[in-house]
>>> print(open('my_file-v7.cif').read())   # mmCIF, C-alpha atoms and all ligand atoms
data_coords
loop_
_atom_site.label_atom_id
_atom_site.label_comp_id
_atom_site.auth_asym_id
_atom_site.auth_seq_id
_atom_site.Cartn_x
_atom_site.Cartn_y
_atom_site.Cartn_z
CA MET U 1 4.12 12.95 -17.87
CA LEU U 2 2.19 9.90 -16.74
CA PRO U 3 -1.28 10.55 -15.31
CA ALA U 4 -1.35 10.66 -11.50
CA ARG U 5 -2.37 7.33 -9.97
CA VAL U 6 -5.36 7.77 -7.68
CA LEU U 7 -6.60 5.05 -5.38
CA VAL U 8 -10.24 5.52 -4.35
CA ILE U 9 -11.39 3.65 -1.24
CA GLU U 10 -15.15 4.00 -0.93
CA ASP U 11 -17.72 1.33 -0.06
CA ASP U 12 -20.76 3.31 -1.19
CA PRO U 13 -21.14 2.17 -4.82
CA ALA U 14 -22.86 5.36 -6.02
CA ILE U 15 -20.24 7.69 -4.55
CA GLY U 16 -17.38 5.38 -5.53
CA SER U 17 -18.31 5.13 -9.18
CA GLU U 18 -19.07 8.85 -9.39
CA LEU U 19 -15.62 9.62 -8.01
CA ALA U 20 -13.86 7.12 -10.27
CA GLU U 21 -15.66 8.49 -13.34
CA ALA U 22 -14.94 12.10 -12.47
CA LEU U 23 -11.27 11.34 -11.84
CA THR U 24 -10.90 9.43 -15.09
CA GLY U 25 -12.69 12.26 -16.89
CA ASN U 26 -10.15 14.68 -15.41
CA GLY U 27 -7.24 12.67 -16.75
CA TYR U 28 -6.32 10.69 -13.65
CA ASP U 29 -5.48 7.00 -13.61
CA ALA U 30 -8.10 6.00 -11.03
CA VAL U 31 -8.75 2.64 -9.39
CA LEU U 32 -11.80 2.05 -7.19
CA THR U 33 -11.65 -0.31 -4.20
CA VAL U 34 -14.49 -0.99 -1.78
CA THR U 35 -12.80 -2.52 1.29
CA GLY U 36 -9.77 -1.62 3.35
CA GLU U 37 -8.02 -4.91 2.70
CA GLU U 38 -8.55 -4.61 -1.05
CA ALA U 39 -7.26 -1.04 -0.92
CA LEU U 40 -4.11 -1.99 0.99
CA ALA U 41 -3.37 -4.75 -1.50
CA GLU U 42 -3.88 -2.33 -4.38
CA ALA U 43 -1.74 0.34 -2.70
CA GLN U 44 1.03 -2.18 -2.27
CA ARG U 45 0.79 -3.19 -5.92
CA ARG U 46 0.98 0.21 -7.50
CA ALA U 47 2.23 2.97 -5.22
CA PRO U 48 -0.53 5.60 -5.58
CA ASP U 49 0.27 9.29 -5.93
CA LEU U 50 -2.97 10.15 -4.23
CA VAL U 51 -5.49 8.29 -2.06
CA LEU U 52 -9.13 9.23 -1.52
CA LEU U 53 -10.14 7.41 1.62
CA ASP U 54 -13.65 7.05 2.99
CA LEU U 55 -13.28 6.69 6.76
CA GLY U 56 -16.35 4.48 7.22
CA LEU U 57 -15.35 1.16 5.67
CA PRO U 58 -17.06 -2.20 6.13
CA ASP U 59 -14.03 -4.28 7.11
CA VAL U 60 -11.26 -2.23 8.71
CA ASP U 61 -11.05 1.15 10.37
CA GLY U 62 -10.37 3.88 7.80
CA VAL U 63 -7.85 5.50 10.14
CA ALA U 64 -5.89 2.23 10.30
CA VAL U 65 -5.84 2.14 6.49
CA CYS U 66 -4.54 5.71 6.49
CA ARG U 67 -1.78 4.82 8.94
CA ARG U 68 -0.73 1.76 6.95
CA ILE U 69 -0.53 3.62 3.65
CA ARG U 70 1.36 6.49 5.27
CA ALA U 71 3.87 4.09 6.85
CA VAL U 72 4.84 2.83 3.42
CA TYR U 73 4.41 5.95 1.28
CA PRO U 74 5.55 9.10 3.05
CA HIS U 75 4.76 11.32 0.04
CA THR U 76 1.44 9.94 -1.17
CA VAL U 77 -1.32 12.53 -0.74
CA ILE U 78 -4.10 11.13 1.43
CA VAL U 79 -7.44 12.93 1.37
CA VAL U 80 -10.02 11.61 3.80
CA LEU U 81 -13.73 11.61 2.96
CA THR U 82 -16.01 11.63 5.93
CA ALA U 83 -19.69 11.73 6.81
CA ARG U 84 -20.84 14.49 9.16
CA SER U 85 -21.38 11.94 11.92
CA GLN U 86 -17.70 10.94 11.76
CA GLU U 87 -16.23 14.41 11.91
CA PHE U 88 -14.51 13.70 15.23
CA GLU U 89 -12.47 11.05 13.40
CA VAL U 90 -10.96 13.64 11.09
CA VAL U 91 -8.53 14.79 13.78
CA VAL U 92 -7.47 11.20 14.38
CA ALA U 93 -7.03 10.67 10.64
CA LEU U 94 -4.92 13.82 10.30
CA ASP U 95 -2.76 12.61 13.18
CA ALA U 96 -2.47 9.26 11.39
CA GLY U 97 -0.97 11.00 8.36
CA ALA U 98 -3.87 12.26 6.24
CA ASP U 99 -3.13 15.51 4.38
CA ASP U 100 -6.64 16.86 3.99
CA TYR U 101 -10.31 16.01 4.38
CA LEU U 102 -13.68 16.71 2.84
CA THR U 103 -17.04 16.25 4.51
CA LYS U 104 -19.79 14.56 2.49
CA PRO U 105 -21.65 15.76 0.55
CA PHE U 106 -18.97 17.76 -1.24
CA ARG U 107 -18.82 19.35 -4.66
CA LEU U 108 -16.70 17.50 -7.22
CA THR U 109 -15.28 20.80 -8.47
CA GLU U 110 -13.94 21.53 -5.00
CA LEU U 111 -12.48 18.05 -4.66
CA MET U 112 -10.74 18.32 -8.04
CA ALA U 113 -9.31 21.74 -7.18
CA ARG U 114 -7.89 20.41 -3.91
CA LEU U 115 -6.39 17.37 -5.62
CA ARG U 116 -4.67 19.56 -8.21
CA ALA U 117 -3.23 21.74 -5.44
CA HIS U 118 -1.93 18.73 -3.49
CA LEU U 119 -0.39 17.16 -6.57
CA ARG U 120 1.37 20.40 -7.47
CA ARG U 121 2.91 20.51 -4.01
CA GLN U 122 3.82 16.85 -4.20
CA ALA U 123 5.51 17.33 -7.59
CA SER U 124 7.83 19.95 -6.09
CA ALA U 125 8.84 17.65 -3.18
CA PRO U 126 11.72 15.21 -3.58
CA GLU U 127 10.78 11.66 -4.51
CA ASP U 128 11.31 9.12 -1.77
CA ARG U 129 9.53 5.83 -1.59
CA THR U 130 11.87 3.84 0.55
CA LEU U 131 11.26 1.56 3.45
CA SER U 132 13.86 0.30 5.92
CA VAL U 133 13.55 -2.68 8.22
CA GLY U 134 16.72 -3.77 9.98
CA ARG U 135 19.53 -3.83 7.41
CA LEU U 136 17.05 -4.18 4.57
CA ARG U 137 16.08 -1.16 2.51
CA LEU U 138 13.43 -1.26 -0.20
CA ASP U 139 13.13 1.32 -2.93
CA LEU U 140 9.48 0.78 -3.76
CA ALA U 141 9.40 3.11 -6.75
CA ALA U 142 12.43 1.55 -8.42
CA ARG U 143 11.51 -1.96 -7.13
CA ARG U 144 14.99 -2.62 -5.78
CA ALA U 145 16.08 -4.10 -2.47
CA TYR U 146 19.34 -3.47 -0.64
CA VAL U 147 21.09 -4.92 2.37
CA ARG U 148 23.71 -2.51 3.72
CA ASP U 149 23.54 -0.66 0.37
CA VAL U 150 24.34 -3.76 -1.67
CA GLU U 151 21.52 -4.64 -4.04
CA LEU U 152 19.86 -8.03 -3.64
CA PRO U 153 19.49 -9.86 -6.96
CA LEU U 154 15.74 -10.48 -6.75
CA ARG U 155 13.32 -11.81 -9.32
CA PRO U 156 10.16 -9.70 -9.75
CA LYS U 157 7.98 -12.05 -7.67
CA GLU U 158 10.64 -12.24 -4.97
CA PHE U 159 10.64 -8.46 -4.75
CA ASP U 160 6.83 -8.40 -4.58
CA LEU U 161 6.85 -11.01 -1.83
CA LEU U 162 9.57 -9.25 0.16
CA SER U 163 7.80 -5.90 -0.09
CA ALA U 164 4.44 -7.49 0.85
CA LEU U 165 6.09 -8.81 4.03
CA ALA U 166 8.38 -5.88 4.85
CA THR U 167 5.70 -3.22 4.43
CA ARG U 168 3.82 -5.03 7.20
CA ALA U 169 6.88 -5.79 9.31
CA GLY U 170 5.93 -7.21 12.69
CA GLU U 171 2.56 -8.49 11.47
CA MET U 172 1.59 -11.90 10.15
CA VAL U 173 0.62 -11.88 6.49
CA ALA U 174 -1.66 -14.81 5.66
CA ARG U 175 -0.66 -17.28 2.95
CA GLU U 176 -3.85 -16.60 0.98
CA GLN U 177 -3.23 -12.88 1.09
CA LEU U 178 0.33 -13.29 -0.18
CA MET U 179 -0.89 -15.53 -2.99
CA GLU U 180 -3.47 -12.95 -3.96
CA GLU U 181 -1.15 -9.96 -3.75
CA VAL U 182 1.95 -11.41 -5.28
CA TRP U 183 0.53 -13.91 -7.75
CA ASP U 184 -2.79 -12.14 -8.25
CA VAL U 185 -4.86 -15.26 -7.78
CA ASN U 186 -7.40 -16.61 -5.37
CA TRP U 187 -5.44 -19.74 -4.69
CA PHE U 188 -7.30 -22.96 -4.05
CA GLY U 189 -4.53 -25.34 -4.97
CA SER U 190 -1.00 -25.81 -3.72
CA THR U 191 0.83 -22.84 -2.25
CA LYS U 192 4.20 -24.57 -2.54
CA THR U 193 5.40 -21.84 -4.89
CA LEU U 194 5.08 -19.40 -1.97
CA ASP U 195 7.35 -21.52 0.25
CA VAL U 196 9.86 -21.87 -2.57
CA HIS U 197 10.01 -18.10 -2.95
CA VAL U 198 10.33 -17.59 0.81
CA SER U 199 13.27 -20.04 0.87
CA ALA U 200 14.94 -18.13 -1.95
CA LEU U 201 14.43 -14.84 -0.10
CA ARG U 202 15.89 -16.23 3.12
CA ARG U 203 18.89 -17.55 1.26
CA LYS U 204 19.53 -14.23 -0.48
CA LEU U 205 19.05 -12.22 2.72
CA GLY U 206 21.56 -14.50 4.44
CA GLU U 207 24.08 -14.31 1.62
CA TYR U 208 23.95 -10.53 1.67
CA GLY U 209 24.37 -10.11 5.40
CA GLU U 210 20.83 -9.92 6.77
CA ASP U 211 19.54 -12.51 9.21
CA PRO U 212 17.46 -15.07 7.24
CA SER U 213 15.33 -15.70 10.32
CA ARG U 214 13.85 -12.23 9.85
CA ILE U 215 11.19 -14.12 7.91
CA THR U 216 9.31 -16.22 10.44
CA THR U 217 7.07 -19.10 9.38
CA LEU U 218 3.69 -19.30 11.10
CA ARG U 219 3.01 -22.88 10.17
CA GLY U 220 0.05 -23.31 7.85
CA ARG U 221 -1.03 -19.69 8.37
CA GLY U 222 1.45 -17.24 6.96
CA TYR U 223 4.75 -15.43 7.33
CA ARG U 224 5.98 -12.49 9.33
CA TYR U 225 8.91 -10.17 8.64
CA GLU U 226 10.44 -9.43 12.05
CA THR U 227 11.20 -5.84 12.94
CA CA O 301 -18.61 4.37 3.90
#
>>> encode(input="my_file-v7.cif", output="structure tokens")
Amino acid sequence: MLPARVLVIEDDPAIGSELAEALTGNGYDAVLTVTGEEALAEAQRRAPDLVLLDLGLPDVDGVAVCRRIRAVYPHTVIVVLTARSQEFEVVVALDAGADDYLTKPFRLTELMARLRAHLRRQASAPEDRTLSVGRLRLDLAARRAYVRDVELPLRPKEFDLLSALATRAGEMVAREQLMEEVWDVNWFGSTKTLDVHVSALRRKLGEYGEDPSRITTLRGRGYRYET
């Protein structure tokens, strides 16, 4: 069995590296991120089994991060880490889809025991990482896209781009962010390749019975997948 993929979202470098080290030492495949945006990009890239989420992040509200991850991954275990002063936020986070929480400072042995328990429960639940927007359905685990149950013939980057847009349906995704998430680069040059891929996606959506204008261009800024 592959090691469980754990995404750690923690801006305190001491706590973050301690967590990442402990997780790796316990056989998990752990990735540490320090901002909400970075974490969401990483979550989109590799479908975590488990997320450790610090609620107090420098850029975005931890609860919003929780909600976004939950919207895409109904079965990912989300454990919220919170400072005593933020305890009131725990209720909000649980309502936003978190499974559990720990108040800092916590003992690593307790954290590890809880993670094992959550993962055991998760393993006995049926696998479902699908997302539906309009007639489009994405199977994020299998990396396949369907319109009315007919599979779209997508290239890997086209799938990545479509899932980057569809997982944030209704929101604008900036060009730079798409370049970074899909092509893994901080892009300073031409982003023509992005437009070429969007054209290909629109054409394929149209050919397979979805409205190509689901993907809206926000000129010079980004794209939005319409709900
Ligand atoms: Ca923090």
>>> closest_residue(input="my_file-v7.cif", among="U:Glu171, U:Asp11, U:Glu176, U:Asp99", to="ligand CA 301 (chain O)", atoms="only C-alpha atoms and all ligand atoms")
U:Asp11
>>> atom_distance(input="my_file-v7.cif", atom1="CA of Thr82 (chain U)", atom2="CA of Leu53 (chain U)")
8.4 Å
>>> atom_distance(input="my_file-v7.cif", atom1="CA of Asp54 (chain U)", atom2="CA of Glu10 (chain U)")
5.2 Å
>>> residues_near_ligand(input="my_file-v7.cif", ligand="ligand CA 301 (chain O)", cutoff="10 Å", atoms="all atoms listed in the file", output="short mmCIF file (atom, residue, chain, number, x, y, z; two decimals) with C-alpha atoms, in the coordinates of the input")
data_model
loop_
_atom_site.label_atom_id
_atom_site.label_comp_id
_atom_site.auth_asym_id
_atom_site.auth_seq_id
_atom_site.Cartn_x
_atom_site.Cartn_y
_atom_site.Cartn_z
CA ILE U 9 -11.39 3.65 -1.24
CA GLU U 10 -15.15 4.00 -0.93
CA ASP U 11 -17.72 1.33 -0.06
CA ASP U 12 -20.76 3.31 -1.19
CA PRO U 13 -21.14 2.17 -4.82
CA ILE U 15 -20.24 7.69 -4.55
CA GLY U 16 -17.38 5.38 -5.53
CA VAL U 34 -14.49 -0.99 -1.78
CA THR U 35 -12.80 -2.52 1.29
CA LEU U 53 -10.14 7.41 1.62
CA ASP U 54 -13.65 7.05 2.99
CA LEU U 55 -13.28 6.69 6.76
CA GLY U 56 -16.35 4.48 7.22
CA LEU U 57 -15.35 1.16 5.67
CA PRO U 58 -17.06 -2.20 6.13
CA GLY U 62 -10.37 3.88 7.80
CA LEU U 81 -13.73 11.61 2.96
CA THR U 82 -16.01 11.63 5.93
CA ALA U 83 -19.69 11.73 6.81
#
>>> atom_distance(input="my_file-v7.cif", atom1="CA of Pro48 (chain U)", atom2="CA of Phe159 (chain U)")
18.0 Å
>>> closest_atom_pairs(input="my_file-v7.cif", of="region 80-165 of chain U", to="region 69-73 of chain U", cutoff="8 Å", atoms="all atoms listed in the file", output="JSON lines")
{"residue": "U:Ala96", "atom": "CA", "partner": "U:Arg70", "partner_atom": "CA", "distance": 7.7}
{"residue": "U:Gly97", "atom": "CA", "partner": "U:Arg70", "partner_atom": "CA", "distance": 5.9}
{"residue": "U:Ala98", "atom": "CA", "partner": "U:Arg70", "partner_atom": "CA", "distance": 7.8}
{"residue": "U:Arg129", "atom": "CA", "partner": "U:Tyr73", "partner_atom": "CA", "distance": 5.9}
{"residue": "U:Thr130", "atom": "CA", "partner": "U:Val72", "partner_atom": "CA", "distance": 7.7}
{"residue": "U:Leu131", "atom": "CA", "partner": "U:Val72", "partner_atom": "CA", "distance": 6.5}
>>> write_last_selection(input="my_file-v7.cif", atoms="C-alpha atoms", output="mmCIF file, keeping the file's coordinate frame")
data_model
loop_
_atom_site.group_PDB
_atom_site.id
_atom_site.type_symbol
_atom_site.label_atom_id
_atom_site.label_comp_id
_atom_site.auth_asym_id
_atom_site.auth_seq_id
_atom_site.Cartn_x
_atom_site.Cartn_y
_atom_site.Cartn_z
ATOM 1 C CA ALA U 96 -2.470 9.260 11.390
ATOM 2 C CA GLY U 97 -0.970 11.000 8.360
ATOM 3 C CA ALA U 98 -3.870 12.260 6.240
ATOM 4 C CA ARG U 129 9.530 5.830 -1.590
ATOM 5 C CA THR U 130 11.870 3.840 0.550
ATOM 6 C CA LEU U 131 11.260 1.560 3.450
#
>>> residues_around(input="my_file-v7.cif", residues="region 151-156 of chain U", least_positions_apart="4", cutoff="12 Å", atoms="all atoms listed in the file", output="compact mmCIF listing (two decimals) with C-alpha atoms, in the coordinates of the input")
# COMPACT_ATOMS: atom_id res chain seq x y z
CA ARG U 135 19.53 -3.83 7.41
CA LEU U 136 17.05 -4.18 4.57
CA ARG U 137 16.08 -1.16 2.51
CA LEU U 138 13.43 -1.26 -0.20
CA ASP U 139 13.13 1.32 -2.93
CA ALA U 142 12.43 1.55 -8.42
CA ARG U 143 11.51 -1.96 -7.13
CA ARG U 144 14.99 -2.62 -5.78
CA ALA U 145 16.08 -4.10 -2.47
CA TYR U 146 19.34 -3.47 -0.64
CA VAL U 147 21.09 -4.92 2.37
CA ASP U 160 6.83 -8.40 -4.58
CA LEU U 161 6.85 -11.01 -1.83
CA LEU U 162 9.57 -9.25 0.16
CA SER U 163 7.80 -5.90 -0.09
CA VAL U 182 1.95 -11.41 -5.28
CA TRP U 183 0.53 -13.91 -7.75
CA HIS U 197 10.01 -18.10 -2.95
CA VAL U 198 10.33 -17.59 0.81
CA ALA U 200 14.94 -18.13 -1.95
CA LEU U 201 14.43 -14.84 -0.10
CA ARG U 202 15.89 -16.23 3.12
CA ARG U 203 18.89 -17.55 1.26
CA LYS U 204 19.53 -14.23 -0.48
CA LEU U 205 19.05 -12.22 2.72
CA GLY U 206 21.56 -14.50 4.44
CA GLU U 207 24.08 -14.31 1.62
CA TYR U 208 23.95 -10.53 1.67
CA GLY U 209 24.37 -10.11 5.40
CA GLU U 210 20.83 -9.92 6.77
>>> residues_near_point(input="my_file-v7.cif", point="(-19.3, 15.9, -9.4)", cutoff="10 Å", atoms="all atoms listed in the file", output="PyMOL selection string")
chain U and resi 15+18-19+21-23+106-112
>>> residues_around(input="my_file-v7.cif", residues="Gly36 (chain U)", least_positions_apart="2", cutoff="6 Å", atoms="all atoms listed in the file", output="list in words")
Glu38, Ala39 and Val60 of chain U
